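Trainee: My structure is in input_32.cif, and what it holds is mmCIF, C-alpha atoms, pLDDT in the B column; chains and numbers go by the auth columns:
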data_final
#
loop_
_atom_site.group_PDB
_atom_site.id
_atom_site.type_symbol
_atom_site.label_atom_id
_atom_site.label_comp_id
_atom_site.label_asym_id
_atom_site.label_seq_id
_atom_site.Cartn_x
_atom_site.Cartn_y
_atom_site.Cartn_z
_atom_site.B_iso_or_equiv
_atom_site.auth_seq_id
_atom_site.auth_asym_id
ATOM 1 C CA MET A 1 -3.834 -14.109 46.501 37.00 125 A
ATOM 2 C CA GLY A 2 -1.352 -12.366 48.762 43.00 126 A
ATOM 3 C CA LEU A 3 0.678 -11.129 45.791 36.00 127 A
ATOM 4 C CA PHE A 4 -2.471 -9.809 44.114 30.00 128 A
ATOM 5 C CA GLN A 5 -3.434 -7.979 47.292 38.00 129 A
ATOM 6 C CA ASP A 6 0.067 -6.463 47.589 38.00 130 A
ATOM 7 C CA GLN A 7 -0.076 -5.180 43.996 35.00 131 A
ATOM 8 C CA THR A 8 -3.573 -3.792 44.506 32.00 132 A
ATOM 9 C CA SER A 9 -2.478 -2.097 47.721 45.00 133 A
ATOM 10 C CA SER A 10 0.546 -0.507 45.999 54.00 134 A
ATOM 11 C CA LEU A 11 -1.598 0.731 43.113 56.00 135 A
ATOM 12 C CA SER A 12 -4.137 2.178 45.530 75.00 136 A
ATOM 13 C CA GLU A 13 -1.383 3.985 47.455 77.00 137 A
ATOM 14 C CA ILE A 14 -0.002 5.528 44.260 81.00 138 A
ATOM 15 C CA LYS A 15 -3.464 6.743 43.244 83.00 139 A
ATOM 16 C CA ARG A 16 -4.081 8.110 46.744 85.00 140 A
ATOM 17 C CA LEU A 17 -0.809 10.021 46.806 88.00 141 A
ATOM 18 C CA ALA A 18 -1.347 11.370 43.295 89.00 142 A
ATOM 19 C CA ALA A 19 -4.755 12.658 44.365 89.00 143 A
ATOM 20 C CA LEU A 20 -3.228 14.354 47.433 90.00 144 A
ATOM 21 C CA VAL A 21 -0.479 15.987 45.355 93.00 145 A
ATOM 22 C CA MET A 22 -2.957 17.381 42.833 92.00 146 A
ATOM 23 C CA ASP A 23 -5.187 18.866 45.562 91.00 147 A
ATOM 24 C CA PRO A 24 -3.524 22.068 46.868 92.00 148 A
ATOM 25 C CA ALA A 25 -5.627 21.981 50.027 92.00 149 A
ATOM 26 C CA ARG A 26 -4.395 18.484 50.956 90.00 150 A
ATOM 27 C CA ARG A 27 -0.703 18.567 50.027 91.00 151 A
ATOM 28 C CA GLY A 28 0.142 19.345 53.634 89.00 152 A
ATOM 29 C CA GLU A 29 -1.072 15.861 54.586 89.00 153 A
ATOM 30 C CA ILE A 30 1.899 14.265 52.804 91.00 154 A
ATOM 31 C CA GLY A 31 4.663 13.345 55.248 90.00 155 A
ATOM 32 C CA PRO A 32 8.368 13.892 54.470 91.00 156 A
ATOM 33 C CA ASP A 33 8.940 10.160 54.026 93.00 157 A
ATOM 34 C CA GLN A 34 6.009 9.973 51.581 92.00 158 A
ATOM 35 C CA TRP A 35 7.096 12.803 49.296 95.00 159 A
ATOM 36 C CA PRO A 36 9.449 10.781 47.030 95.00 160 A
ATOM 37 C CA LEU A 37 6.699 8.270 46.264 93.00 161 A
ATOM 38 C CA ALA A 38 4.224 11.145 45.946 94.00 162 A
ATOM 39 C CA MET A 39 6.393 12.789 43.266 95.00 163 A
ATOM 40 C CA ILE A 40 6.626 9.473 41.428 94.00 164 A
ATOM 41 C CA ALA A 41 2.852 9.000 41.691 93.00 165 A
ATOM 42 C CA TYR A 42 2.170 12.531 40.412 94.00 166 A
ATOM 43 C CA GLY A 43 4.627 12.023 37.561 94.00 167 A
ATOM 44 C CA LEU A 44 3.152 8.701 36.459 90.00 168 A
ATOM 45 C CA VAL A 45 -0.421 10.019 36.536 91.00 169 A
ATOM 46 C CA THR A 46 0.250 13.288 34.671 92.00 170 A
ATOM 47 C CA CYS A 47 3.257 12.360 32.510 90.00 171 A
ATOM 48 C CA ASN A 48 1.395 12.454 29.193 88.00 172 A
ATOM 49 C CA GLU A 49 -0.359 15.770 29.832 90.00 173 A
ATOM 50 C CA THR A 50 1.049 19.031 28.498 90.00 174 A
ATOM 51 C CA GLY A 51 0.700 22.471 30.024 90.00 175 A
ATOM 52 C CA ARG A 52 1.287 21.403 33.635 92.00 176 A
ATOM 53 C CA GLU A 53 4.793 22.840 33.931 94.00 177 A
ATOM 54 C CA GLU A 54 3.867 25.639 36.348 95.00 178 A
ATOM 55 C CA GLU A 55 1.918 23.230 38.581 95.00 179 A
ATOM 56 C CA GLY A 56 4.843 20.801 38.465 95.00 180 A
ATOM 57 C CA VAL A 57 7.275 23.518 39.596 97.00 181 A
ATOM 58 C CA THR A 58 4.974 24.506 42.483 96.00 182 A
ATOM 59 C CA ILE A 59 4.641 20.896 43.637 96.00 183 A
ATOM 60 C CA TYR A 60 8.366 20.297 43.250 97.00 184 A
ATOM 61 C CA HIS A 61 9.190 23.171 45.603 97.00 185 A
ATOM 62 C CA MET A 62 7.141 21.468 48.330 96.00 186 A
ATOM 63 C CA PHE A 63 8.908 18.168 47.627 97.00 187 A
ATOM 64 C CA GLN A 64 12.286 19.922 47.703 97.00 188 A
ATOM 65 C CA SER A 65 11.552 21.621 51.021 96.00 189 A
ATOM 66 C CA ARG A 66 10.935 18.228 52.630 95.00 190 A
ATOM 67 C CA CYS A 67 13.595 16.026 51.024 97.00 191 A
ATOM 68 C CA ALA A 68 17.391 16.255 50.921 97.00 192 A
ATOM 69 C CA PRO A 69 19.282 16.319 47.603 97.00 193 A
ATOM 70 C CA ASP A 70 20.225 12.633 47.836 97.00 194 A
ATOM 71 C CA ALA A 71 16.573 11.660 48.215 97.00 195 A
ATOM 72 C CA ARG A 72 15.568 13.879 45.275 98.00 196 A
ATOM 73 C CA ARG A 73 18.343 12.422 43.104 98.00 197 A
ATOM 74 C CA LYS A 74 17.273 8.876 43.996 97.00 198 A
ATOM 75 C CA CYS A 75 13.661 9.781 43.230 97.00 199 A
ATOM 76 C CA ALA A 76 14.630 11.016 39.737 98.00 200 A
ATOM 77 C CA LEU A 77 16.482 7.768 39.063 97.00 201 A
ATOM 78 C CA GLN A 78 13.488 5.719 40.229 96.00 202 A
ATOM 79 C CA LEU A 79 11.236 7.695 37.895 95.00 203 A
ATOM 80 C CA ALA A 80 13.722 7.094 35.087 96.00 204 A
ATOM 81 C CA ALA A 81 13.528 3.354 35.779 95.00 205 A
ATOM 82 C CA PHE A 82 9.741 3.458 35.331 93.00 206 A
ATOM 83 C CA ILE A 83 10.129 5.423 32.096 94.00 207 A
ATOM 84 C CA ARG A 84 12.708 2.927 30.836 95.00 208 A
ATOM 85 C CA GLN A 85 10.308 0.055 31.589 93.00 209 A
ATOM 86 C CA ARG A 86 7.664 1.906 29.563 91.00 210 A
ATOM 87 C CA LYS A 87 10.099 2.199 26.627 92.00 211 A
ATOM 88 C CA GLY A 88 10.500 5.952 27.057 91.00 212 A
ATOM 89 C CA ASP A 89 6.845 6.836 27.499 91.00 213 A
ATOM 90 C CA GLY A 90 6.245 9.325 30.321 93.00 214 A
ATOM 91 C CA TRP A 91 9.419 11.408 30.115 96.00 215 A
ATOM 92 C CA ARG A 92 7.472 14.526 31.113 96.00 216 A
ATOM 93 C CA ALA A 93 7.428 13.179 34.678 96.00 217 A
ATOM 94 C CA LEU A 94 11.059 14.331 34.947 98.00 218 A
ATOM 95 C CA LEU A 95 10.389 17.916 33.827 97.00 219 A
ATOM 96 C CA PRO A 96 9.893 19.325 37.356 97.00 220 A
ATOM 97 C CA PHE A 97 13.282 17.903 38.394 98.00 221 A
ATOM 98 C CA ALA A 98 14.984 19.534 35.389 98.00 222 A
ATOM 99 C CA MET A 99 13.176 22.848 35.847 98.00 223 A
ATOM 100 C CA ALA A 100 13.010 23.477 39.567 97.00 224 A
ATOM 101 C CA ASP A 101 15.636 21.705 41.660 98.00 225 A
ATOM 102 C CA GLU A 102 17.935 24.094 43.513 97.00 226 A
ATOM 103 C CA THR A 103 20.908 21.800 42.811 97.00 227 A
ATOM 104 C CA PRO A 104 22.304 22.282 39.278 96.00 228 A
ATOM 105 C CA ASP A 105 23.622 18.705 39.169 96.00 229 A
ATOM 106 C CA ILE A 106 20.121 17.296 39.691 98.00 230 A
ATOM 107 C CA ARG A 107 18.696 19.594 36.998 98.00 231 A
ATOM 108 C CA ARG A 108 21.486 18.512 34.630 97.00 232 A
ATOM 109 C CA GLN A 109 21.044 14.805 35.439 97.00 233 A
ATOM 110 C CA SER A 110 17.278 15.020 34.939 98.00 234 A
ATOM 111 C CA ALA A 111 17.629 16.832 31.622 97.00 235 A
ATOM 112 C CA PHE A 112 20.091 14.189 30.419 97.00 236 A
ATOM 113 C CA LEU A 113 17.610 11.460 31.379 97.00 237 A
ATOM 114 C CA ILE A 114 14.842 13.236 29.477 97.00 238 A
ATOM 115 C CA TYR A 115 17.033 13.613 26.390 96.00 239 A
ATOM 116 C CA THR A 116 18.123 9.987 26.354 95.00 240 A
ATOM 117 C CA LEU A 117 14.951 8.197 27.507 96.00 241 A
ATOM 118 C CA ALA A 118 12.158 9.946 25.595 96.00 242 A
ATOM 119 C CA ALA A 119 10.737 7.599 22.965 92.00 243 A
ATOM 120 C CA PRO A 120 10.644 8.776 19.320 94.00 244 A
ATOM 121 C CA GLN A 121 7.213 9.833 18.091 92.00 245 A
ATOM 122 C CA PRO A 122 5.820 9.902 14.529 94.00 246 A
ATOM 123 C CA GLU A 123 5.736 13.700 14.606 94.00 247 A
ATOM 124 C CA GLU A 124 9.024 14.230 16.507 96.00 248 A
ATOM 125 C CA ARG A 125 12.101 12.027 16.496 95.00 249 A
ATOM 126 C CA PHE A 126 13.580 13.554 19.672 97.00 250 A
ATOM 127 C CA PRO A 127 10.586 14.658 21.782 97.00 251 A
ATOM 128 C CA GLY A 128 12.577 15.072 25.003 97.00 252 A
ATOM 129 C CA ILE A 129 15.053 17.439 23.377 97.00 253 A
ATOM 130 C CA ALA A 130 12.280 19.333 21.594 97.00 254 A
ATOM 131 C CA GLY A 131 10.295 19.556 24.840 96.00 255 A
ATOM 132 C CA LEU A 132 13.143 20.989 26.902 96.00 256 A
ATOM 133 C CA ALA A 133 14.152 23.344 24.087 97.00 257 A
ATOM 134 C CA ASN A 134 10.612 24.733 24.250 96.00 258 A
ATOM 135 C CA VAL A 135 10.853 25.079 28.029 96.00 259 A
ATOM 136 C CA ILE A 136 14.188 26.905 27.706 96.00 260 A
ATOM 137 C CA CYS A 137 12.631 29.373 25.258 96.00 261 A
ATOM 138 C CA ALA A 138 9.328 29.860 27.102 95.00 262 A
ATOM 139 C CA SER A 139 8.776 32.569 29.667 91.00 263 A
ATOM 140 C CA PRO A 140 10.036 31.118 32.969 93.00 264 A
ATOM 141 C CA CYS A 141 7.414 29.740 35.353 92.00 265 A
ATOM 142 C CA PRO A 142 7.289 31.344 38.819 93.00 266 A
ATOM 143 C CA GLY A 143 9.972 29.660 40.882 93.00 267 A
ATOM 144 C CA GLN A 144 11.689 28.068 37.879 96.00 268 A
ATOM 145 C CA ALA A 145 15.448 27.718 38.221 95.00 269 A
ATOM 146 C CA SER A 146 17.990 28.476 35.515 95.00 270 A
ATOM 147 C CA MET A 147 17.796 26.147 32.523 97.00 271 A
ATOM 148 C CA ALA A 148 21.561 26.402 31.954 96.00 272 A
ATOM 149 C CA PRO A 149 22.137 22.831 33.271 96.00 273 A
ATOM 150 C CA ALA A 150 19.602 21.530 30.733 97.00 274 A
ATOM 151 C CA LEU A 151 21.553 23.339 28.036 96.00 275 A
ATOM 152 C CA ASP A 152 24.801 21.816 29.375 94.00 276 A
ATOM 153 C CA ALA A 153 23.303 18.341 29.112 95.00 277 A
ATOM 154 C CA LEU A 154 22.196 18.932 25.529 96.00 278 A
ATOM 155 C CA MET A 155 25.560 20.331 24.439 94.00 279 A
ATOM 156 C CA SER A 156 27.371 17.423 26.102 92.00 280 A
ATOM 157 C CA LEU A 157 25.535 14.873 23.958 92.00 281 A
ATOM 158 C CA GLY A 158 27.751 15.974 21.099 88.00 282 A
ATOM 159 C CA ASP A 159 25.454 14.582 18.382 93.00 283 A
ATOM 160 C CA MET A 160 25.236 16.878 15.360 96.00 284 A
ATOM 161 C CA ARG A 161 21.662 15.712 14.726 96.00 285 A
ATOM 162 C CA PHE A 162 20.715 17.957 17.648 97.00 286 A
ATOM 163 C CA ALA A 163 22.121 21.141 16.059 97.00 287 A
ATOM 164 C CA PRO A 164 18.661 22.308 14.856 97.00 288 A
ATOM 165 C CA TYR A 165 17.385 22.293 18.451 98.00 289 A
ATOM 166 C CA LEU A 166 20.251 24.495 19.632 97.00 290 A
ATOM 167 C CA SER A 167 19.626 26.766 16.654 97.00 291 A
ATOM 168 C CA PHE A 168 15.953 26.920 17.666 98.00 292 A
ATOM 169 C CA ILE A 169 16.996 28.086 21.142 97.00 293 A
ATOM 170 C CA SER A 170 19.327 30.840 19.940 96.00 294 A
ATOM 171 C CA LYS A 171 16.847 32.091 17.333 96.00 295 A
ATOM 172 C CA ASN A 172 13.959 32.235 19.802 97.00 296 A
ATOM 173 C CA LEU A 173 15.666 33.894 22.766 96.00 297 A
ATOM 174 C CA PRO A 174 16.354 37.637 22.841 94.00 298 A
ATOM 175 C CA PRO A 175 20.044 38.500 23.300 94.00 299 A
ATOM 176 C CA GLU A 176 19.642 39.409 26.989 94.00 300 A
ATOM 177 C CA ARG A 177 18.031 36.059 27.891 95.00 301 A
ATOM 178 C CA LEU A 178 20.548 34.210 25.750 95.00 302 A
ATOM 179 C CA THR A 179 23.321 35.997 27.636 95.00 303 A
ATOM 180 C CA ASP A 180 21.862 34.940 31.003 94.00 304 A
ATOM 181 C CA LEU A 181 21.501 31.334 29.812 95.00 305 A
ATOM 182 C CA LEU A 182 25.065 31.131 28.506 95.00 306 A
ATOM 183 C CA ALA A 183 26.501 32.846 31.577 91.00 307 A
ATOM 184 C CA GLY A 184 25.277 29.936 33.711 90.00 308 A
ATOM 185 C CA THR A 185 26.511 27.120 31.507 91.00 309 A
ATOM 186 C CA GLU A 186 29.251 24.658 32.450 90.00 310 A
ATOM 187 C CA ALA A 187 29.270 22.796 29.160 89.00 311 A
ATOM 188 C CA ILE A 188 32.018 20.424 28.116 91.00 312 A
ATOM 189 C CA PRO A 189 33.622 21.010 24.690 93.00 313 A
ATOM 190 C CA THR A 190 31.953 19.132 21.830 94.00 314 A
ATOM 191 C CA ASP A 191 31.742 19.829 18.103 95.00 315 A
ATOM 192 C CA LEU A 192 28.006 20.367 18.585 96.00 316 A
ATOM 193 C CA GLY A 193 28.301 22.913 21.376 95.00 317 A
ATOM 194 C CA CYS A 194 31.340 24.798 20.095 94.00 318 A
ATOM 195 C CA GLY A 195 29.881 24.993 16.605 96.00 319 A
ATOM 196 C CA TRP A 196 26.672 26.432 18.016 97.00 320 A
ATOM 197 C CA LEU A 197 28.552 29.032 20.056 96.00 321 A
ATOM 198 C CA LEU A 198 30.369 30.180 16.907 95.00 322 A
ATOM 199 C CA ASP A 199 27.030 30.396 15.088 96.00 323 A
ATOM 200 C CA ILE A 200 25.716 32.627 17.885 96.00 324 A
ATOM 201 C CA LEU A 201 28.800 34.800 17.502 95.00 325 A
ATOM 202 C CA ASP A 202 27.974 35.270 13.807 95.00 326 A
ATOM 203 C CA GLU A 203 24.382 36.216 14.637 94.00 327 A
ATOM 204 C CA HIS A 204 25.137 38.335 17.721 95.00 328 A
ATOM 205 C CA PRO A 205 28.655 39.843 17.617 95.00 329 A
ATOM 206 C CA GLU A 206 27.736 41.871 20.700 95.00 330 A
ATOM 207 C CA LEU A 207 27.759 38.631 22.708 95.00 331 A
ATOM 208 C CA SER A 208 31.447 37.994 22.020 95.00 332 A
ATOM 209 C CA PRO A 209 32.523 38.542 25.685 95.00 333 A
ATOM 210 C CA THR A 210 29.920 36.001 26.845 94.00 334 A
ATOM 211 C CA ILE A 211 30.886 33.475 24.162 95.00 335 A
ATOM 212 C CA ALA A 212 34.579 33.930 24.956 94.00 336 A
ATOM 213 C CA ALA A 213 33.923 33.342 28.673 93.00 337 A
ATOM 214 C CA VAL A 214 31.979 30.124 27.962 94.00 338 A
ATOM 215 C CA LEU A 215 34.714 28.766 25.679 92.00 339 A
ATOM 216 C CA ALA A 216 37.477 29.742 28.113 91.00 340 A
ATOM 217 C CA GLY A 217 35.622 28.083 30.990 90.00 341 A
ATOM 218 C CA MET A 218 35.252 24.717 29.270 89.00 342 A
ATOM 219 C CA PRO A 219 37.436 21.924 30.671 86.00 343 A
ATOM 220 C CA SER A 220 40.281 20.832 28.429 75.00 344 A
#
Translate this structure into structure tokens?
Mentor:
Amino acid sequence: MGLFQDQTSSLSEIKRLAALVMDPARRGEIGPDQWPLAMIAYGLVTCNETGREEEGVTIYHMFQSRCAPDARRKCALQLAAFIRQRKGDGWRALLPFAMADETPDIRRQSAFLIYTLAAPQPEERFPGIAGLANVICASPCPGQASMAPALDALMSLGDMRFAPYLSFISKNLPPERLTDLLAGTEAIPTDLGCGWLLDILDEHPELSPTIAAVLAGMPS
């Protein structure tokens, strides 16, 4: 009976925090020590809904203002553990971490988790990669950080099956936005990434200084 009551209490707390997070007028009631669990609760409740990216970024900025980087990193890993238990279902819960954290390493880590945890779907074999590729190409949400770390994480996977997603990005971004994205990358050298950069050079010769800087900046 005690165990049942503990589980019921935990479930009730998650639902309560999720309700607070989704009510703009009540978000101020969440204490700093509650925000990591609140982000997890919000993620678990909304993880299968699309079109909430701007709301997620807004909520994440409040979370970020109240929690140090170590706490945010730990929170992302805890969310990833839930997603892993659910066999990859719910990867969208990590989108705010990949889109809005002020620390590039946390954005990169979260993107990598999305890429590697998202479960295949009948209509899309790599939904996490497709989802972040769409985010990279979409008009940035207010307060969204650079998506260069998400691009780094994709290029670092080094799997040539992902080449069409990189091609999708370069074909759907105008040269000026592509330049900004590449200027912020810290990608490691892989056949996938280097091949894509050479493809961009063929399509946009005017970007040769940017491409050269990315290649020269890669670690040996």
Trainee: Check what the PyMOL selection byres ((chain A and resi 312) around 7) selects in the file above and give those residues as a list in words.
Mentor: Ser280, Glu310, Ala311, Pro313, Thr314, Met342 and Pro343 of chain A
Trainee: Show which residues sit within 10 Å of A:Met271, as a short mmCIF file (atom, residue, chain, number, x, y, z; two decimals) with C-alpha atoms, in the frame of the given file. Count only C-alpha atoms, and ignore same-chain residues fewer than 6 positions away.
Mentor:
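Now in result.cif:
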data_model
loop_
_atom_site.label_atom_id
_atom_site.label_comp_id
_atom_site.auth_asym_id
_atom_site.auth_seq_id
_atom_site.Cartn_x
_atom_site.Cartn_y
_atom_site.Cartn_z
CA ALA A 222 14.98 19.53 35.39
CA MET A 223 13.18 22.85 35.85
CA ALA A 224 13.01 23.48 39.57
CA PRO A 228 22.30 22.28 39.28
CA ARG A 231 18.70 19.59 37.00
CA ARG A 232 21.49 18.51 34.63
CA ALA A 235 17.63 16.83 31.62
CA LEU A 256 13.14 20.99 26.90
CA ALA A 257 14.15 23.34 24.09
CA VAL A 259 10.85 25.08 28.03
CA ILE A 260 14.19 26.90 27.71
CA CYS A 261 12.63 29.37 25.26
CA PRO A 264 10.04 31.12 32.97
CA ASP A 304 21.86 34.94 31.00
CA LEU A 305 21.50 31.33 29.81
CA LEU A 306 25.06 31.13 28.51
CA GLY A 308 25.28 29.94 33.71
CA THR A 309 26.51 27.12 31.51
#
Trainee: Name the residues that the PyMOL selection byres ((chain A and resi 315-327) around 7) pulls out of this structure, and write them as a list in words.
Mentor: Met279, Gly282, Asp283, Met284, Ala287, Leu290, Ser294, Pro313, Thr314, His328, Pro329, Leu331, Ser332 and Ile335 of chain A
Trainee: Please evaluate the PyMOL selection byres ((chain A and resi 181) around 10) against the structure above and give the resulting residues as a short mmCIF file (atom, residue, chain, number, x, y, z; two decimals) with C-alpha atoms, in the coordinates of the input.
Mentor:
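Writing the result to part-v3.cif gives the following:
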data_model
loop_
_atom_site.label_atom_id
_atom_site.label_comp_id
_atom_site.auth_asym_id
_atom_site.auth_seq_id
_atom_site.Cartn_x
_atom_site.Cartn_y
_atom_site.Cartn_z
CA ARG A 176 1.29 21.40 33.64
CA GLU A 177 4.79 22.84 33.93
CA GLU A 178 3.87 25.64 36.35
CA GLU A 179 1.92 23.23 38.58
CA GLY A 180 4.84 20.80 38.47
CA THR A 182 4.97 24.51 42.48
CA ILE A 183 4.64 20.90 43.64
CA TYR A 184 8.37 20.30 43.25
CA HIS A 185 9.19 23.17 45.60
CA MET A 186 7.14 21.47 48.33
CA PHE A 187 8.91 18.17 47.63
CA LEU A 219 10.39 17.92 33.83
CA PRO A 220 9.89 19.32 37.36
CA PHE A 221 13.28 17.90 38.39
CA ALA A 222 14.98 19.53 35.39
CA MET A 223 13.18 22.85 35.85
CA ALA A 224 13.01 23.48 39.57
CA ASP A 225 15.64 21.70 41.66
CA CYS A 265 7.41 29.74 35.35
CA PRO A 266 7.29 31.34 38.82
CA GLY A 267 9.97 29.66 40.88
CA GLN A 268 11.69 28.07 37.88
CA ALA A 269 15.45 27.72 38.22
#
Trainee: Between atom CA of A:Thr227 and atom CA of A:Ala307, what distance in Å does the model show, to one decimal?
Mentor: 16.7 Å
Trainee: Here is a test: counting all atoms listed in the file, which residue of A:Ala337, A:Thr303, A:Thr170, A:Ile164 is nearest to A:Phe206?
Mentor: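 Distance minimum relative to A:Phe206 lands on A:Ile164.
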Trainee: Neighbouring residues of A:Lys139 were defined as those with any atom within 12 Å, considering only C-alpha atoms; residues of the same chain fewer than 2 positions away were excluded. Please report them as a PDB file with C-alpha atoms, in the coordinates of the input.
Mentor:
ATOM      1  CA  THR A 132      -3.573  -3.792  44.506  1.00 32.00           C
ATOM      2  CA  SER A 133      -2.478  -2.097  47.721  1.00 45.00           C
ATOM      3  CA  SER A 134       0.546  -0.507  45.999  1.00 54.00           C
ATOM      4  CA  LEU A 135      -1.598   0.731  43.113  1.00 56.00           C
ATOM      5  CA  SER A 136      -4.137   2.178  45.530  1.00 75.00           C
ATOM      6  CA  GLU A 137      -1.383   3.985  47.455  1.00 77.00           C
ATOM      7  CA  LEU A 141      -0.809  10.021  46.806  1.00 88.00           C
ATOM      8  CA  ALA A 142      -1.347  11.370  43.295  1.00 89.00           C
ATOM      9  CA  ALA A 143      -4.755  12.658  44.365  1.00 89.00           C
ATOM     10  CA  LEU A 144      -3.228  14.354  47.433  1.00 90.00           C
ATOM     11  CA  VAL A 145      -0.479  15.987  45.355  1.00 93.00           C
ATOM     12  CA  MET A 146      -2.957  17.381  42.833  1.00 92.00           C
ATOM     13  CA  LEU A 161       6.699   8.270  46.264  1.00 93.00           C
ATOM     14  CA  ALA A 162       4.224  11.145  45.946  1.00 94.00           C
ATOM     15  CA  MET A 163       6.393  12.789  43.266  1.00 95.00           C
ATOM     16  CA  ILE A 164       6.626   9.473  41.428  1.00 94.00           C
ATOM     17  CA  ALA A 165       2.852   9.000  41.691  1.00 93.00           C
ATOM     18  CA  TYR A 166       2.170  12.531  40.412  1.00 94.00           C
ATOM     19  CA  GLY A 167       4.627  12.023  37.561  1.00 94.00           C
ATOM     20  CA  LEU A 168       3.152   8.701  36.459  1.00 90.00           C
ATOM     21  CA  VAL A 169      -0.421  10.019  36.536  1.00 91.00           C
ATOM     22  CA  THR A 170       0.250  13.288  34.671  1.00 92.00           C
TER      23      THR A 170
END
Trainee: Atom CA of A:Pro156 to atom CA of A:Ile138: how many Å, to one decimal?
Mentor: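 So the two atoms, atom CA of A:Pro156 and atom CA of A:Ile138, lie 15.6 Å apart.
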Trainee: Kindly list the centre and edge lengths in Å, rounded to one decimal, for the axis-aligned box that covers all listed atoms of stretch 326-340 of chain A plus 3 Å on each of its six sides, as AutoDock Vina command-line options.
Mentor:
--center_x 30.9 --center_y 35.3 --center_z 21.2 --size_x 19.1 --size_y 19.1 --size_z 20.9
Trainee: Just give me the gap between atom CA of A:Leu203 and atom CA of A:Trp215 in Å, one decimal is fine.
Mentor: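 Those two atoms sit 8.8 Å apart.
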Trainee: Neighbours of A:Phe286 within 9 Å (only C-alpha atoms; same-chain residues fewer than 5 positions away dropped), as a PyMOL selection string?
Mentor: chain A and resi 250+253+278-279+281+291+316
Trainee: Which one of A:Ala254, A:Ala205, A:Ala262, A:Ile154 sits closest to A:Leu237 if you count all atoms listed in the file?
Mentor: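 Of A:Ala254, A:Ala205, A:Ala262, A:Ile154, the one nearest A:Leu237, counting all atoms listed in the file, is A:Ala205.
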Trainee: Write out as a list in words the residues lying within 6 Å of A:Cys199, counting only C-alpha atoms and excluding same-chain residues fewer than 3 positions away.
Mentor: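 Contacts, with the query itself left out: Pro160, Arg196 and Gln202 of chain A.
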Trainee: So, with all atoms listed in the file as the atoms that count, which of A:Ala195, A:Gly212, A:Gln158, A:Leu201 lies closest to A:Asn172?
Mentor: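 Checking each of A:Ala195, A:Gly212, A:Gln158, A:Leu201 against A:Asn172, counting all atoms listed in the file, the winner is A:Gly212.
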